[in-house]
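Trainee: Supplied structure: query_34.cif, mmCIF, C-alpha atoms and all ligand atoms.
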data_entry
loop_
_atom_site.group_PDB
_atom_site.id
_atom_site.type_symbol
_atom_site.label_atom_id
_atom_site.label_comp_id
_atom_site.auth_asym_id
_atom_site.auth_seq_id
_atom_site.Cartn_x
_atom_site.Cartn_y
_atom_site.Cartn_z
ATOM 1 C CA MET B 1 -23.425 -5.569 44.470
ATOM 2 C CA LYS B 2 -20.771 -4.033 42.192
ATOM 3 C CA ALA B 3 -22.075 -2.737 38.847
ATOM 4 C CA ARG B 4 -20.798 -4.579 35.796
ATOM 5 C CA ARG B 5 -18.262 -2.567 33.833
ATOM 6 C CA PRO B 6 -19.075 -1.963 30.175
ATOM 7 C CA ALA B 7 -16.851 -4.100 27.955
ATOM 8 C CA ILE B 8 -15.135 -2.844 24.803
ATOM 9 C CA LEU B 9 -13.615 -5.115 22.186
ATOM 10 C CA VAL B 10 -10.791 -3.577 20.173
ATOM 11 C CA TYR B 11 -10.690 -5.614 16.983
ATOM 12 C CA ASN B 12 -7.776 -4.981 14.646
ATOM 13 C CA PRO B 13 -5.638 -7.625 12.961
ATOM 14 C CA ASP B 14 -2.407 -5.614 13.296
ATOM 15 C CA GLU B 15 -2.748 -2.824 15.812
ATOM 16 C CA ALA B 16 -5.233 -3.716 18.546
ATOM 17 C CA PRO B 17 -2.815 -2.881 21.423
ATOM 18 C CA ALA B 18 -2.013 0.556 19.957
ATOM 19 C CA TYR B 19 -5.727 1.410 19.641
ATOM 20 C CA ALA B 20 -6.473 0.053 23.119
ATOM 21 C CA ARG B 21 -3.842 2.363 24.631
ATOM 22 C CA THR B 22 -5.717 5.418 23.323
ATOM 23 C CA ILE B 23 -9.027 4.545 25.016
ATOM 24 C CA HIS B 24 -9.865 6.846 27.899
ATOM 25 C CA ALA B 25 -13.124 6.638 29.813
ATOM 26 C CA PRO B 26 -14.258 9.877 31.459
ATOM 27 C CA ARG B 27 -13.144 10.503 35.040
ATOM 28 C CA GLY B 28 -15.025 8.323 37.516
ATOM 29 C CA ARG B 29 -16.036 5.719 34.930
ATOM 30 C CA SER B 30 -14.222 2.530 34.095
ATOM 31 C CA VAL B 31 -14.493 0.088 31.267
ATOM 32 C CA THR B 32 -13.010 -3.313 30.528
ATOM 33 C CA VAL B 33 -11.018 -3.464 27.306
ATOM 34 C CA HIS B 34 -10.513 -6.733 25.414
ATOM 35 C CA LEU B 35 -8.202 -7.065 22.416
ATOM 36 C CA ALA B 36 -8.565 -9.342 19.418
ATOM 37 C CA ALA B 37 -6.528 -9.723 16.248
ATOM 38 C CA THR B 38 -8.409 -12.694 14.846
ATOM 39 C CA GLU B 39 -11.970 -13.903 14.536
ATOM 40 C CA ALA B 40 -11.244 -16.752 16.963
ATOM 41 C CA GLU B 41 -9.917 -14.350 19.604
ATOM 42 C CA ALA B 42 -12.959 -12.124 19.173
ATOM 43 C CA ALA B 43 -15.346 -15.092 19.304
ATOM 44 C CA ALA B 44 -13.987 -16.029 22.737
ATOM 45 C CA VAL B 45 -15.232 -12.780 24.316
ATOM 46 C CA ILE B 46 -17.890 -11.361 22.014
ATOM 47 C CA GLY B 47 -20.777 -12.599 24.183
ATOM 48 C CA GLU B 48 -19.719 -10.125 26.896
ATOM 49 C CA ILE B 49 -19.037 -7.129 24.642
ATOM 50 C CA ASP B 50 -21.073 -3.892 24.662
ATOM 51 C CA ILE B 51 -18.944 -1.861 22.251
ATOM 52 C CA VAL B 52 -16.775 -2.871 19.299
ATOM 53 C CA TYR B 53 -14.005 -0.531 18.173
ATOM 54 C CA GLY B 54 -13.067 -2.330 15.020
ATOM 55 C CA TRP B 55 -11.378 -2.670 11.681
ATOM 56 C CA LYS B 56 -13.013 -5.276 9.432
ATOM 57 C CA PHE B 57 -14.852 -6.883 12.321
ATOM 58 C CA PRO B 58 -16.150 -10.271 11.073
ATOM 59 C CA ALA B 59 -19.865 -9.937 10.279
ATOM 60 C CA SER B 60 -20.559 -13.508 11.456
ATOM 61 C CA LEU B 61 -19.853 -12.394 15.035
ATOM 62 C CA TYR B 62 -22.780 -9.979 15.201
ATOM 63 C CA ALA B 63 -25.083 -12.950 15.804
ATOM 64 C CA LYS B 64 -23.013 -13.957 18.855
ATOM 65 C CA ALA B 65 -23.013 -10.483 20.432
ATOM 66 C CA PRO B 66 -26.267 -10.121 22.415
ATOM 67 C CA ARG B 67 -24.997 -7.139 24.447
ATOM 68 C CA LEU B 68 -23.508 -5.191 21.554
ATOM 69 C CA THR B 69 -25.128 -1.779 20.931
ATOM 70 C CA TRP B 70 -22.399 0.299 19.276
ATOM 71 C CA HIS B 71 -19.686 -0.370 16.703
ATOM 72 C CA GLN B 72 -17.182 2.412 16.029
ATOM 73 C CA VAL B 73 -15.519 1.788 12.702
ATOM 74 C CA MET B 74 -11.763 2.435 12.471
ATOM 75 C CA GLY B 75 -11.750 3.432 8.800
ATOM 76 C CA ALA B 76 -13.231 5.779 6.248
ATOM 77 C CA GLY B 77 -15.750 3.332 4.777
ATOM 78 C CA VAL B 78 -18.438 1.447 6.667
ATOM 79 C CA ASP B 79 -19.549 -1.016 3.989
ATOM 80 C CA TRP B 80 -17.894 -4.007 5.678
ATOM 81 C CA ALA B 81 -19.605 -3.185 9.008
ATOM 82 C CA PHE B 82 -22.946 -2.239 7.559
ATOM 83 C CA VAL B 83 -23.941 -5.699 6.365
ATOM 84 C CA PRO B 84 -27.239 -7.618 6.330
ATOM 85 C CA GLU B 85 -26.141 -9.481 9.483
ATOM 86 C CA LEU B 86 -26.040 -6.196 11.453
ATOM 87 C CA PRO B 87 -28.771 -6.383 14.130
ATOM 88 C CA PRO B 88 -31.196 -3.417 14.223
ATOM 89 C CA SER B 89 -30.110 -2.706 17.810
ATOM 90 C CA VAL B 90 -26.479 -1.967 16.856
ATOM 91 C CA VAL B 91 -25.470 1.558 15.900
ATOM 92 C CA ILE B 92 -22.516 2.060 13.548
ATOM 93 C CA THR B 93 -20.511 5.269 13.841
ATOM 94 C CA ARG B 94 -18.143 6.727 11.261
ATOM 95 C CA ALA B 95 -14.907 8.659 11.679
ATOM 96 C CA PRO B 96 -15.317 11.908 9.744
ATOM 97 C CA GLY B 97 -12.710 14.653 9.688
ATOM 98 C CA VAL B 98 -9.733 12.300 9.663
ATOM 99 C CA PHE B 99 -9.178 10.962 6.185
ATOM 100 C CA GLY B 100 -9.655 14.016 3.973
ATOM 101 C CA ALA B 101 -6.265 15.465 4.819
ATOM 102 C CA TRP B 102 -4.485 12.238 3.868
ATOM 103 C CA MET B 103 -6.528 11.627 0.763
ATOM 104 C CA SER B 104 -6.203 15.156 -0.587
ATOM 105 C CA GLU B 105 -2.408 14.794 -0.492
ATOM 106 C CA TYR B 106 -2.698 11.451 -2.252
ATOM 107 C CA VAL B 107 -4.923 12.940 -4.963
ATOM 108 C CA LEU B 108 -2.827 16.057 -5.512
ATOM 109 C CA GLY B 109 0.367 14.011 -5.413
ATOM 110 C CA TRP B 110 -0.779 11.664 -8.153
ATOM 111 C CA CYS B 111 -2.326 14.459 -10.262
ATOM 112 C CA LEU B 112 1.045 16.206 -10.095
ATOM 113 C CA TRP B 113 2.795 12.948 -10.921
ATOM 114 C CA VAL B 114 0.776 12.999 -14.149
ATOM 115 C CA THR B 115 1.162 16.670 -15.056
ATOM 116 C CA GLN B 116 4.800 16.959 -13.987
ATOM 117 C CA ARG B 117 5.530 13.813 -16.030
ATOM 118 C CA MET B 118 7.599 12.491 -13.176
ATOM 119 C CA GLU B 119 7.876 8.980 -14.536
ATOM 120 C CA THR B 120 9.098 10.258 -17.912
ATOM 121 C CA TYR B 121 11.818 12.542 -16.519
ATOM 122 C CA ARG B 122 13.031 9.827 -14.157
ATOM 123 C CA ALA B 123 13.152 7.322 -17.009
ATOM 124 C CA ALA B 124 15.147 9.829 -19.076
ATOM 125 C CA GLN B 125 17.510 10.319 -16.152
ATOM 126 C CA ARG B 126 18.149 6.593 -15.966
ATOM 127 C CA GLU B 127 19.227 6.790 -19.624
ATOM 128 C CA GLN B 128 21.211 10.010 -18.971
ATOM 129 C CA ARG B 129 18.989 11.734 -21.479
ATOM 130 C CA TRP B 130 18.307 15.524 -21.276
ATOM 131 C CA LEU B 131 14.612 15.734 -22.126
ATOM 132 C CA GLY B 132 14.432 19.534 -22.492
ATOM 133 C CA GLU B 133 11.959 19.443 -25.369
ATOM 134 C CA LEU B 134 9.191 18.000 -23.170
ATOM 135 C CA LEU B 135 7.406 20.422 -20.857
ATOM 136 C CA PRO B 136 5.220 19.587 -17.882
ATOM 137 C CA ALA B 137 1.494 20.360 -18.071
ATOM 138 C CA ARG B 138 -0.298 22.654 -15.608
ATOM 139 C CA LEU B 139 -2.736 21.514 -12.952
ATOM 140 C CA ARG B 140 -4.024 25.092 -12.821
ATOM 141 C CA GLY B 141 -7.119 25.195 -15.003
ATOM 142 C CA ALA B 142 -7.490 21.397 -15.185
ATOM 143 C CA THR B 143 -10.892 20.043 -14.171
ATOM 144 C CA LEU B 144 -11.190 17.609 -11.290
ATOM 145 C CA ALA B 145 -14.490 15.738 -10.983
ATOM 146 C CA LEU B 146 -15.210 14.391 -7.527
ATOM 147 C CA VAL B 147 -17.649 11.516 -7.578
ATOM 148 C CA GLY B 148 -18.714 11.909 -3.960
ATOM 149 C CA VAL B 149 -18.620 15.287 -2.247
ATOM 150 C CA GLY B 150 -19.036 14.292 1.392
ATOM 151 C CA ASP B 151 -16.689 14.949 4.249
ATOM 152 C CA ILE B 152 -13.580 13.663 2.405
ATOM 153 C CA GLY B 153 -14.518 14.993 -1.024
ATOM 154 C CA ARG B 154 -14.851 18.524 0.342
ATOM 155 C CA VAL B 155 -11.329 18.502 1.730
ATOM 156 C CA ILE B 156 -10.021 17.261 -1.615
ATOM 157 C CA ALA B 157 -12.026 20.022 -3.330
ATOM 158 C CA ARG B 158 -10.313 22.688 -1.191
ATOM 159 C CA ALA B 159 -6.865 21.254 -1.866
ATOM 160 C CA ALA B 160 -7.502 21.066 -5.618
ATOM 161 C CA ALA B 161 -8.899 24.594 -5.732
ATOM 162 C CA SER B 162 -5.825 25.850 -3.868
ATOM 163 C CA VAL B 163 -3.651 24.917 -6.858
ATOM 164 C CA GLY B 164 -6.088 26.492 -9.299
ATOM 165 C CA MET B 165 -7.957 23.401 -10.435
ATOM 166 C CA ARG B 166 -11.579 23.735 -11.435
ATOM 167 C CA VAL B 167 -13.561 21.417 -9.170
ATOM 168 C CA ILE B 168 -16.874 19.860 -10.114
ATOM 169 C CA GLY B 169 -18.742 17.139 -8.261
ATOM 170 C CA VAL B 170 -21.363 14.452 -8.460
ATOM 171 C CA ASN B 171 -23.820 13.546 -5.714
ATOM 172 C CA ARG B 172 -27.248 11.977 -5.434
ATOM 173 C CA SER B 173 -29.289 15.161 -5.474
ATOM 174 C CA GLY B 174 -27.134 17.647 -7.395
ATOM 175 C CA ARG B 175 -27.340 19.869 -4.305
ATOM 176 C CA ARG B 176 -24.704 22.608 -4.235
ATOM 177 C CA VAL B 177 -21.605 22.024 -2.114
ATOM 178 C CA PRO B 178 -19.342 24.844 -0.889
ATOM 179 C CA GLY B 179 -16.052 24.920 -2.778
ATOM 180 C CA VAL B 180 -17.410 22.927 -5.734
ATOM 181 C CA GLU B 181 -18.155 24.968 -8.826
ATOM 182 C CA ARG B 182 -20.882 22.749 -10.182
ATOM 183 C CA VAL B 183 -22.536 19.634 -8.764
ATOM 184 C CA TYR B 184 -24.195 17.132 -11.102
ATOM 185 C CA ARG B 185 -26.879 14.678 -10.038
ATOM 186 C CA VAL B 186 -25.673 11.115 -10.273
ATOM 187 C CA ALA B 187 -28.208 10.652 -13.070
ATOM 188 C CA HIS B 188 -25.999 13.076 -15.049
ATOM 189 C CA LEU B 189 -22.719 11.422 -14.069
ATOM 190 C CA HIS B 190 -21.596 11.071 -17.677
ATOM 191 C CA ARG B 191 -21.848 14.834 -18.239
ATOM 192 C CA ALA B 192 -19.411 15.419 -15.408
ATOM 193 C CA LEU B 193 -17.088 12.660 -16.624
ATOM 194 C CA ALA B 194 -17.044 14.127 -20.119
ATOM 195 C CA VAL B 195 -15.522 17.438 -19.006
ATOM 196 C CA ALA B 196 -13.011 16.164 -16.442
ATOM 197 C CA ASP B 197 -9.237 15.809 -16.717
ATOM 198 C CA PHE B 198 -9.139 13.864 -13.456
ATOM 199 C CA VAL B 199 -12.022 11.833 -12.026
ATOM 200 C CA VAL B 200 -11.755 10.940 -8.341
ATOM 201 C CA LEU B 201 -14.008 8.240 -6.866
ATOM 202 C CA VAL B 202 -14.617 8.942 -3.208
ATOM 203 C CA VAL B 203 -18.205 7.848 -2.872
ATOM 204 C CA PRO B 204 -19.342 5.181 -0.357
ATOM 205 C CA LEU B 205 -19.997 1.700 -1.677
ATOM 206 C CA THR B 206 -23.748 0.996 -1.516
ATOM 207 C CA PRO B 207 -26.058 -1.083 -3.705
ATOM 208 C CA GLN B 208 -26.631 2.122 -5.738
ATOM 209 C CA THR B 209 -22.945 2.890 -6.334
ATOM 210 C CA ARG B 210 -21.661 -0.644 -6.950
ATOM 211 C CA GLY B 211 -20.406 -0.770 -10.548
ATOM 212 C CA LEU B 212 -21.150 2.953 -11.061
ATOM 213 C CA ILE B 213 -18.097 3.313 -13.300
ATOM 214 C CA ASP B 214 -19.028 0.801 -15.953
ATOM 215 C CA ALA B 215 -18.049 0.560 -19.612
ATOM 216 C CA SER B 216 -20.405 3.401 -20.584
ATOM 217 C CA ALA B 217 -19.045 5.703 -17.866
ATOM 218 C CA LEU B 218 -15.476 4.969 -18.966
ATOM 219 C CA ALA B 219 -16.498 5.669 -22.560
ATOM 220 C CA ALA B 220 -17.873 9.045 -21.446
ATOM 221 C CA MET B 221 -14.435 10.088 -20.123
ATOM 222 C CA ARG B 222 -11.919 11.993 -22.236
ATOM 223 C CA SER B 223 -9.120 9.959 -23.763
ATOM 224 C CA SER B 224 -6.677 12.275 -21.957
ATOM 225 C CA ALA B 225 -8.342 11.830 -18.547
ATOM 226 C CA TRP B 226 -7.146 9.908 -15.507
ATOM 227 C CA LEU B 227 -9.337 7.950 -13.105
ATOM 228 C CA LEU B 228 -8.318 7.906 -9.428
ATOM 229 C CA ASN B 229 -10.121 5.388 -7.221
ATOM 230 C CA ILE B 230 -9.723 5.956 -3.496
ATOM 231 C CA GLY B 231 -13.246 4.780 -2.615
ATOM 232 C CA ARG B 232 -13.882 1.080 -3.105
ATOM 233 C CA GLY B 233 -12.800 -1.325 -5.822
ATOM 234 C CA ALA B 234 -16.356 -2.448 -6.491
ATOM 235 C CA LEU B 235 -17.361 1.058 -7.622
ATOM 236 C CA VAL B 236 -15.675 0.194 -10.906
ATOM 237 C CA ASP B 237 -16.348 -2.587 -13.374
ATOM 238 C CA GLU B 238 -12.814 -3.982 -13.398
ATOM 239 C CA VAL B 239 -13.110 -5.872 -16.654
ATOM 240 C CA ALA B 240 -14.309 -2.720 -18.400
ATOM 241 C CA LEU B 241 -11.520 -0.715 -16.782
ATOM 242 C CA VAL B 242 -8.796 -3.084 -17.952
ATOM 243 C CA GLU B 243 -10.266 -2.920 -21.439
ATOM 244 C CA ALA B 244 -10.449 0.914 -21.398
ATOM 245 C CA LEU B 245 -6.829 1.132 -20.197
ATOM 246 C CA ARG B 246 -5.559 -1.358 -22.760
ATOM 247 C CA ALA B 247 -7.379 0.423 -25.581
ATOM 248 C CA ARG B 248 -6.286 3.816 -24.182
ATOM 249 C CA HIS B 249 -9.883 5.020 -24.110
ATOM 250 C CA ILE B 250 -8.693 6.836 -20.998
ATOM 251 C CA ALA B 251 -5.130 7.964 -20.336
ATOM 252 C CA GLY B 252 -4.684 6.016 -17.137
ATOM 253 C CA ALA B 253 -5.857 5.051 -13.680
ATOM 254 C CA VAL B 254 -4.432 5.447 -10.201
ATOM 255 C CA LEU B 255 -5.989 2.716 -8.105
ATOM 256 C CA ASP B 256 -5.735 2.397 -4.340
ATOM 257 C CA VAL B 257 -8.645 0.004 -3.796
ATOM 258 C CA PHE B 258 -9.710 -3.237 -5.435
ATOM 259 C CA PRO B 259 -12.604 -5.699 -5.175
ATOM 260 C CA ARG B 260 -10.053 -8.269 -3.955
ATOM 261 C CA GLU B 261 -7.221 -7.061 -1.717
ATOM 262 C CA PRO B 262 -4.346 -7.677 -1.914
ATOM 263 C CA LEU B 263 -4.656 -7.482 -5.688
ATOM 264 C CA PRO B 264 -3.958 -11.059 -6.868
ATOM 265 C CA ALA B 265 -0.507 -11.549 -8.426
ATOM 266 C CA GLU B 266 -1.956 -12.705 -11.741
ATOM 267 C CA HIS B 267 -4.244 -9.676 -12.127
ATOM 268 C CA PRO B 268 -3.760 -7.889 -15.492
ATOM 269 C CA LEU B 269 -3.793 -4.449 -13.833
ATOM 270 C CA TRP B 270 -0.305 -5.082 -12.401
ATOM 271 C CA ARG B 271 1.190 -5.137 -15.872
ATOM 272 C CA LEU B 272 -0.508 -2.148 -17.518
ATOM 273 C CA ASP B 273 1.875 0.771 -17.923
ATOM 274 C CA ASN B 274 -0.988 3.258 -17.581
ATOM 275 C CA ALA B 275 -2.255 1.808 -14.285
ATOM 276 C CA VAL B 276 -0.733 2.835 -10.968
ATOM 277 C CA ILE B 277 -1.374 0.389 -8.129
ATOM 278 C CA THR B 278 -1.082 1.475 -4.511
ATOM 279 C CA PRO B 279 -1.931 -0.893 -1.636
ATOM 280 C CA HIS B 280 -4.972 0.802 -0.020
ATOM 281 C CA ILE B 281 -2.898 3.468 1.688
ATOM 282 C CA SER B 282 -4.517 6.703 0.527
ATOM 283 C CA GLY B 283 -6.289 7.288 3.842
ATOM 284 C CA PRO B 284 -4.642 5.313 6.615
ATOM 285 C CA SER B 285 -6.243 4.906 10.033
ATOM 286 C CA THR B 286 -4.040 5.783 12.972
ATOM 287 C CA PRO B 287 -4.865 5.264 16.651
ATOM 288 C CA ASP B 288 -4.052 8.850 17.624
ATOM 289 C CA GLU B 289 -6.229 10.432 14.943
ATOM 290 C CA LEU B 290 -9.215 8.220 15.713
ATOM 291 C CA ALA B 291 -8.941 8.444 19.499
ATOM 292 C CA PRO B 292 -10.732 11.813 19.944
ATOM 293 C CA ILE B 293 -13.711 10.533 17.936
ATOM 294 C CA PHE B 294 -13.910 7.258 19.843
ATOM 295 C CA ASN B 295 -13.396 8.799 23.284
ATOM 296 C CA ASP B 296 -15.961 11.541 22.676
ATOM 297 C CA ASN B 297 -18.535 8.936 21.699
ATOM 298 C CA LEU B 298 -17.516 6.679 24.590
ATOM 299 C CA ALA B 299 -18.283 9.493 27.031
ATOM 300 C CA ARG B 300 -21.643 9.965 25.325
ATOM 301 C CA TRP B 301 -22.430 6.252 25.368
ATOM 302 C CA LEU B 302 -21.572 5.981 29.061
ATOM 303 C CA ALA B 303 -23.778 8.990 29.823
ATOM 304 C CA GLY B 304 -26.663 7.578 27.767
ATOM 305 C CA ARG B 305 -26.450 10.494 25.318
ATOM 306 C CA PRO B 306 -26.876 10.170 21.534
ATOM 307 C CA LEU B 307 -23.701 9.233 19.655
ATOM 308 C CA ARG B 308 -22.144 11.424 17.000
ATOM 309 C CA HIS B 309 -21.511 10.400 13.368
ATOM 310 C CA MET B 310 -24.113 7.637 13.260
ATOM 311 C CA VAL B 311 -24.490 5.819 9.950
ATOM 312 C CA ASP B 312 -27.884 6.388 8.398
ATOM 313 C CA ARG B 313 -29.255 2.897 7.817
ATOM 314 C CA ARG B 314 -31.457 4.039 4.966
ATOM 315 C CA ARG B 315 -28.568 5.558 2.982
ATOM 316 C CA GLY B 316 -25.936 3.026 4.090
ATOM 317 C CA TYR B 317 -23.270 5.608 5.013
HETATM 318 C C1 LIG G 1 -11.237 2.266 4.484
HETATM 319 C C2 LIG G 1 -10.060 2.958 4.971
HETATM 320 O O1 LIG G 1 -12.322 2.372 5.037
HETATM 321 O O2 LIG G 1 -8.969 2.774 4.396
HETATM 322 O O3 LIG G 1 -11.072 1.557 3.504
HETATM 323 O O4 LIG G 1 -10.175 3.696 5.942
#
When written as structure tokens, how does the structure in this file appear?
Ligand code: OXD
Mentor:
Amino acid sequence: MKARRPAILVYNPDEAPAYARTIHAPRGRSVTVHLAATEAEAAAVIGEIDIVYGWKFPASLYAKAPRLTWHQVMGAGVDWAFVPELPPSVVITRAPGVFGAWMSEYVLGWCLWVTQRMETYRAAQREQRWLGELLPARLRGATLALVGVGDIGRVIARAAASVGMRVIGVNRSGRRVPGVERVYRVAHLHRALAVADFVVLVVPLTPQTRGLIDASALAAMRSSAWLLNIGRGALVDEVALVEALRARHIAGAVLDVFPREPLPAEHPLWRLDNAVITPHISGPSTPDELAPIFNDNLARWLAGRPLRHMVDRRRGY
């Protein structure tokens, strides 16, 4: 009797075919690859699926996936995959080493947008005004506080240090991290916020970090400081943020992520001149960058070896 081939479901609303093309089983092994762009398409095959390679895979389908043992996430965060519905038998794997390079350019780009006063000079240009009396500020010597100093945070730290920024960080334990001058325990978050010119949120969303940047955290920041959120919208109390921006308790915010995406048209953040809104693009997933991670783990899975980059269920990331 012929052995059943392991079945992979590539779940991605926009790019399932492009991801499927990058899947390569090791020589001598074959797999069946199914594609789905919608929950209904996935539901039609999920009963047969051993492996999900997915972006925002619908949590309700876990219950209909008796064969599923491994879910490789196609993004930086795993919060939408790591849900209460996740059966204990399913392993989630992350994709480290991919997003830091993108996100460090995003962070440096927007910090420079602030210090080089790009908006102001462009506005002056539109009025044909020579604004020679206004100088840019320096990033060199400015303090960047990374809330989250994991795989992505460390790459951002290196990029920031390369332009002479002072980099401090916040993590759960306060344990030292290479390339970060000082690491504060999350219990001392406000101390880090109080000395930062730029605060970058790049921490996973877990029950412990939800709402971490609340009204008191925003009040701890300098009135000249900028908040950059490239983690998850729910890390920040949005009502408190809108209030802090309106009252200019902080100088501004660059926001790439929101509790509701797309950001609803009527949301007050759209209209604040000190809020920059970008559409969740700071760390894009691309099939070619994720393929080596997926294919390496596929070879391991097929050989019955332990997978790399497994999410720790206790920590939630
Ligand atoms: C994410 C991502 O996980 O953009 O949000 O990769």
Trainee: Using all atoms listed in the file, find each residue with an atom at most 9 Å away from ligand LIG 1 (chain G) and format the answer as a list in words.
Mentor: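 So, counting all atoms listed in the file, the residues near ligand LIG 1 (chain G) are Trp55, Lys56, Val73, Met74, Gly75, Ala76, Gly77, Val78, Asp79, Trp80, Ala95, Phe99, Ile230, Gly231, Arg232, Val257, His280, Ile281, Ser282, Gly283, Pro284 and Ser285 of chain B.
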Trainee: Counting all atoms listed in the file, what is within 12 Å of Leu139 of chain B, bar same-chain residues fewer than 6 positions away, as a list in words?
Mentor: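 Neighbouring residues, sequence-local ones excluded: Val107, Leu108, Gly109, Trp110, Cys111, Leu112, Trp113, Val114, Thr115, Gln116, Arg117, Ala159, Ala160, Ala161, Ser162, Val163, Gly164, Met165, Arg166, Val167, Asp197 and Phe198 of chain B.
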Trainee: Quick one: residues within 10 Å of segment 203-213 of chain B, only C-alpha atoms counted, chain neighbours fewer than 6 positions away excluded, as a PyMOL selection string?
Mentor: chain B and resi 76-80+82+146-150+152-153+170-172+186+189-190+193+219-220+227+229-238+240-241+315-317
Trainee: Excluding Ala225 of chain B and its own-chain neighbours fewer than 4 positions away, which residues fall within 8 Å of it when counting all atoms listed in the file? Please give them as a count of residues only.
Mentor: 8
Trainee: For atom CA of Arg308 of chain B and atom CA of Thr93 of chain B, quote the distance in Å rounded to one decimal.
Mentor: 7.1 Å
Trainee: I need the residue nearest Arg158 of chain B from this list: B:Val52, B:Glu181, B:Gly304, B:Ala43. Use all atoms listed in the file for the distance.
Mentor: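 When distances to Arg158 of chain B are compared using all atoms listed in the file, the smallest one comes from B:Glu181.
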Trainee: Can you work out the spacing between atom CA of Pro87 of chain B and atom CA of Met310 of chain B in Å, to one decimal?
Mentor: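 Taking atom CA of Pro87 of chain B and atom CA of Met310 of chain B, their separation equals 14.8 Å.
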Trainee: Quick one: 4 Å padding each side, axis-aligned, all listed atoms of segment 260-278 of chain B - centre and edge lengths in Å to one decimal, as lines of an AutoDock Vina configuration file?
Mentor:
center_x = -4.1
center_y = -4.7
center_z = -9.8
size_x = 19.9
size_y = 24.0
size_z = 24.2
Trainee: Expressed in Å to a single decimal, how great is the separation between atom CA of Ala217 of chain B and atom CA of Gly100 of chain B?
Mentor: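 These two atoms are separated by 25.2 Å.
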Trainee: Would you please work out which residue, of B:Leu218, B:Met118, B:Leu255, B:Leu302, is nearest to Ile51 of chain B when using all atoms listed in the file?
Mentor: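 Of B:Leu218, B:Met118, B:Leu255, B:Leu302, the one nearest Ile51 of chain B, counting all atoms listed in the file, is B:Leu302.
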Trainee: Could you write out as a list in words the residues that the PyMOL selection byres (((chain B and resi 67) around 7) and not hetatm) matches in the shown file?
Mentor: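 Applied to this file, the PyMOL selection byres (((chain B and resi 67) around 7) and not hetatm) returns Gly47, Glu48, Ile49, Asp50, Ala65, Pro66, Leu68 and Thr69 of chain B.
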Trainee: Smallest atom-to-atom distance to Val83 of chain B: which of B:Trp226, B:Asn295, B:Phe57, B:Met103, using all atoms listed in the file?
Mentor: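 Ranked by minimum distance to Val83 of chain B, first place goes to B:Phe57.
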Trainee: Pick the closest to Val10 of chain B from B:Val45, B:Ala137, B:Leu228, B:Val276: which is it, counting only C-alpha atoms?
Mentor: B:Val45
Trainee: Using the chain letters and numbers from the file, which residues does the PyMOL selection byres (((chain B and resi 27) around 12) and not hetatm) grab, as a ChimeraX atom specification?
Mentor: /B:24-26,28-31,295,298-299,302-303
Trainee: Please save C-alpha atoms of the selected residues as a tab-separated table (two decimals), keeping the file's coordinate frame.
Mentor:
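The result, stored in result24.tsv:
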chain	number	residue	atom	x	y	z
B	24	HIS	CA	-9.86	6.85	27.90
B	25	ALA	CA	-13.12	6.64	29.81
B	26	PRO	CA	-14.26	9.88	31.46
B	28	GLY	CA	-15.02	8.32	37.52
B	29	ARG	CA	-16.04	5.72	34.93
B	30	SER	CA	-14.22	2.53	34.10
B	31	VAL	CA	-14.49	0.09	31.27
B	295	ASN	CA	-13.40	8.80	23.28
B	298	LEU	CA	-17.52	6.68	24.59
B	299	ALA	CA	-18.28	9.49	27.03
B	302	LEU	CA	-21.57	5.98	29.06
B	303	ALA	CA	-23.78	8.99	29.82
